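Report on the structure given below.
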Amino acid sequence: MEQKSKRAKLNNKKRMTAVMQALETRYPEPERGLKSGEDPFRLLIMAILSAQTTDARVNLISPALFERFPDAKSIADSSEGELEEYIKTVGLYNTKAKNIRNACRRLVDAYEGVIPSKMEDLLTLGGVGRKVANLIRGDLYGLGGIVADTHCIRIANRLGFVSSTNPLKVEKALDPLVPKDKQSEFCHRIVLFGREVCSARNPKCSGCELFTSCDRNGV
Ligand code: SF4
């Protein structure tokens, strides 16, 4: 039994290497969904806003939002209702506004306005769960992190690397298979692949470059 599980792990490593190579060939320089201009503060706020909302919607409202609120202090000091005006076309904007104000107050009070890099610190910021924290750690600090978003969860299941829709389980299943220094790019590639090929409703299995590595194999 133990032998079998060891074999499965080895097999998964091999399969993941093949998957990563195919994705790298398809997307040598994967585009980021959120256009934050590499600005840490913007990336954090946009990532919080992007929950259950398209990246396109968040990108659309961002220029006006950051012109009025260029840093954490400007949001921490704003009066209730002001931030809401700028993000009201985004889903769940009332909750997100509260979370963002809390996150910015904490950033100012505890971190001098600088986005922290440790997972436990990031998780103390309003609206930041492991998905956003891993995005920040990977994209800003090069520390890696599996961003278990809807595309990642769906594709990891279809490929047979995990059998669960629980984001933490997906993260823990993929983390040992993808080298830390490749995790950030890997996750951006998975999002693009999920949008273009392995979509939720209509995966284009015939002709898919991951077909031979895929458990679903077109089923
Ligand atoms: S073969 Fe189909 S299910 Fe598997 S990764 Fe490709 S598109 Fe997705």
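Residue numbering restarts at 1 for every chain of the structure tokens, chains are lettered A, B, ... in their displayed order, and ligands are numbered from 1 as they appear.
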Exercise. Do you know which residues are within 6 Å of ligand 1 using only C-alpha atoms and all ligand atoms? Can you write them as a PyMOL selection string?
Worked result: chain A and resi 158-159+197-198+203-205+208+210-211+214+216-218
Problem set entry | DSSP-assigned helix (DSSP H, G or I) members of range 10-92 of chain A, reported as a PyMOL selection string | chain A and resi 10-26+40-49+55-68+72-76+82-87
List the spatial neighbours of Leu125 in chain A as a PDB file with N, CA and C atoms, in the first residue's frame - criterion: any atom at most 8 Å away, only C-alpha atoms, same-chain residues fewer than 6 positions off excluded.
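Done, and the output landed in selection-v2.pdb:
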ATOM      1  N   ASN A  99     -13.538  45.657   4.506  1.00  0.00           N
ATOM      2  CA  ASN A  99     -12.290  44.877   4.605  1.00  0.00           C
ATOM      3  C   ASN A  99     -11.083  45.711   4.208  1.00  0.00           C
ATOM      4  N   ASN A 102     -10.208  48.263   6.844  1.00  0.00           N
ATOM      5  CA  ASN A 102      -9.551  47.587   7.972  1.00  0.00           C
ATOM      6  C   ASN A 102      -8.123  47.185   7.623  1.00  0.00           C
ATOM      7  N   ALA A 103      -7.950  46.643   6.412  1.00  0.00           N
ATOM      8  CA  ALA A 103      -6.608  46.222   5.983  1.00  0.00           C
ATOM      9  C   ALA A 103      -5.673  47.426   5.950  1.00  0.00           C
ATOM     10  N   CYS A 104      -6.161  48.546   5.434  1.00  0.00           N
ATOM     11  CA  CYS A 104      -5.298  49.738   5.314  1.00  0.00           C
ATOM     12  C   CYS A 104      -4.972  50.321   6.689  1.00  0.00           C
ATOM     13  N   ARG A 106      -4.702  48.663   9.433  1.00  0.00           N
ATOM     14  CA  ARG A 106      -3.693  47.771  10.027  1.00  0.00           C
ATOM     15  C   ARG A 106      -2.334  47.963   9.351  1.00  0.00           C
ATOM     16  N   LEU A 107      -2.346  48.139   8.040  1.00  0.00           N
ATOM     17  CA  LEU A 107      -1.074  48.370   7.337  1.00  0.00           C
ATOM     18  C   LEU A 107      -0.380  49.607   7.885  1.00  0.00           C
TER      19      LEU A 107
END
Seminar exercise, completed: Nearest to Thr124 in chain A, restricted to only C-alpha atoms and choosing among A:Glu112, A:Phe161, A:Glu80, A:Arg105, comes out as A:Arg105
Exercise. Suppose you want the space between CA of Val114 in chain A and CA of Asp149 in chain A; what is it in Å?
Worked result: 25.0 Å
Exercise. If we count only C-alpha atoms, what is near range 129-138 of chain A at a cut-off of 7 Å, once residues fewer than 2 positions away on the same chain are taken out, given as a ChimeraX atom specification?
Worked result: /A:44,47-48,117,119,122-123,127,140-149,184
For this session: Rank nothing, just name the residue among A:Gly126, A:Gln183, A:Ser213, A:Leu83 nearest to Gly160 in chain A, using only C-alpha atoms.
Result: A:Ser213
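Among the candidate residues A:Thr89, A:Leu65, A:His151, A:Arg15, the one lying nearest to Thr165 in chain A is A:His151, with distances computed using only C-alpha atoms.
For the residues A:Ser164, A:Asp71, A:Ala18, A:Pro28, ranking by smallest atom-to-atom distance to His188 in chain A using only C-alpha atoms places A:Pro28 first.
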Exercise. Which residue gives the smallest distance to Tyr86 in chain A among A:Lys180, A:Arg57, A:Arg154, A:Arg68, with only C-alpha atoms counted?
Worked result: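 The answer is A:Arg68, which sits nearest to Tyr86 in chain A.
For the set A:Ile100, A:Asp109, A:Asn157, A:Glu24, the residue with the smallest atom-to-atom gap to Met46 in chain A is A:Ile100, counting only C-alpha atoms.
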For this session: Within 9 Å of Glu185 in chain A, counting only C-alpha atoms, which residues show up once you throw out same-chain ones fewer than 4 positions away? Write them as a list in words, please.
Result: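 My reading of the contact set: Glu24, Glu29, Pro30, Gly138, Asp139, Asp181, Arg189 and Ile190 of chain A.
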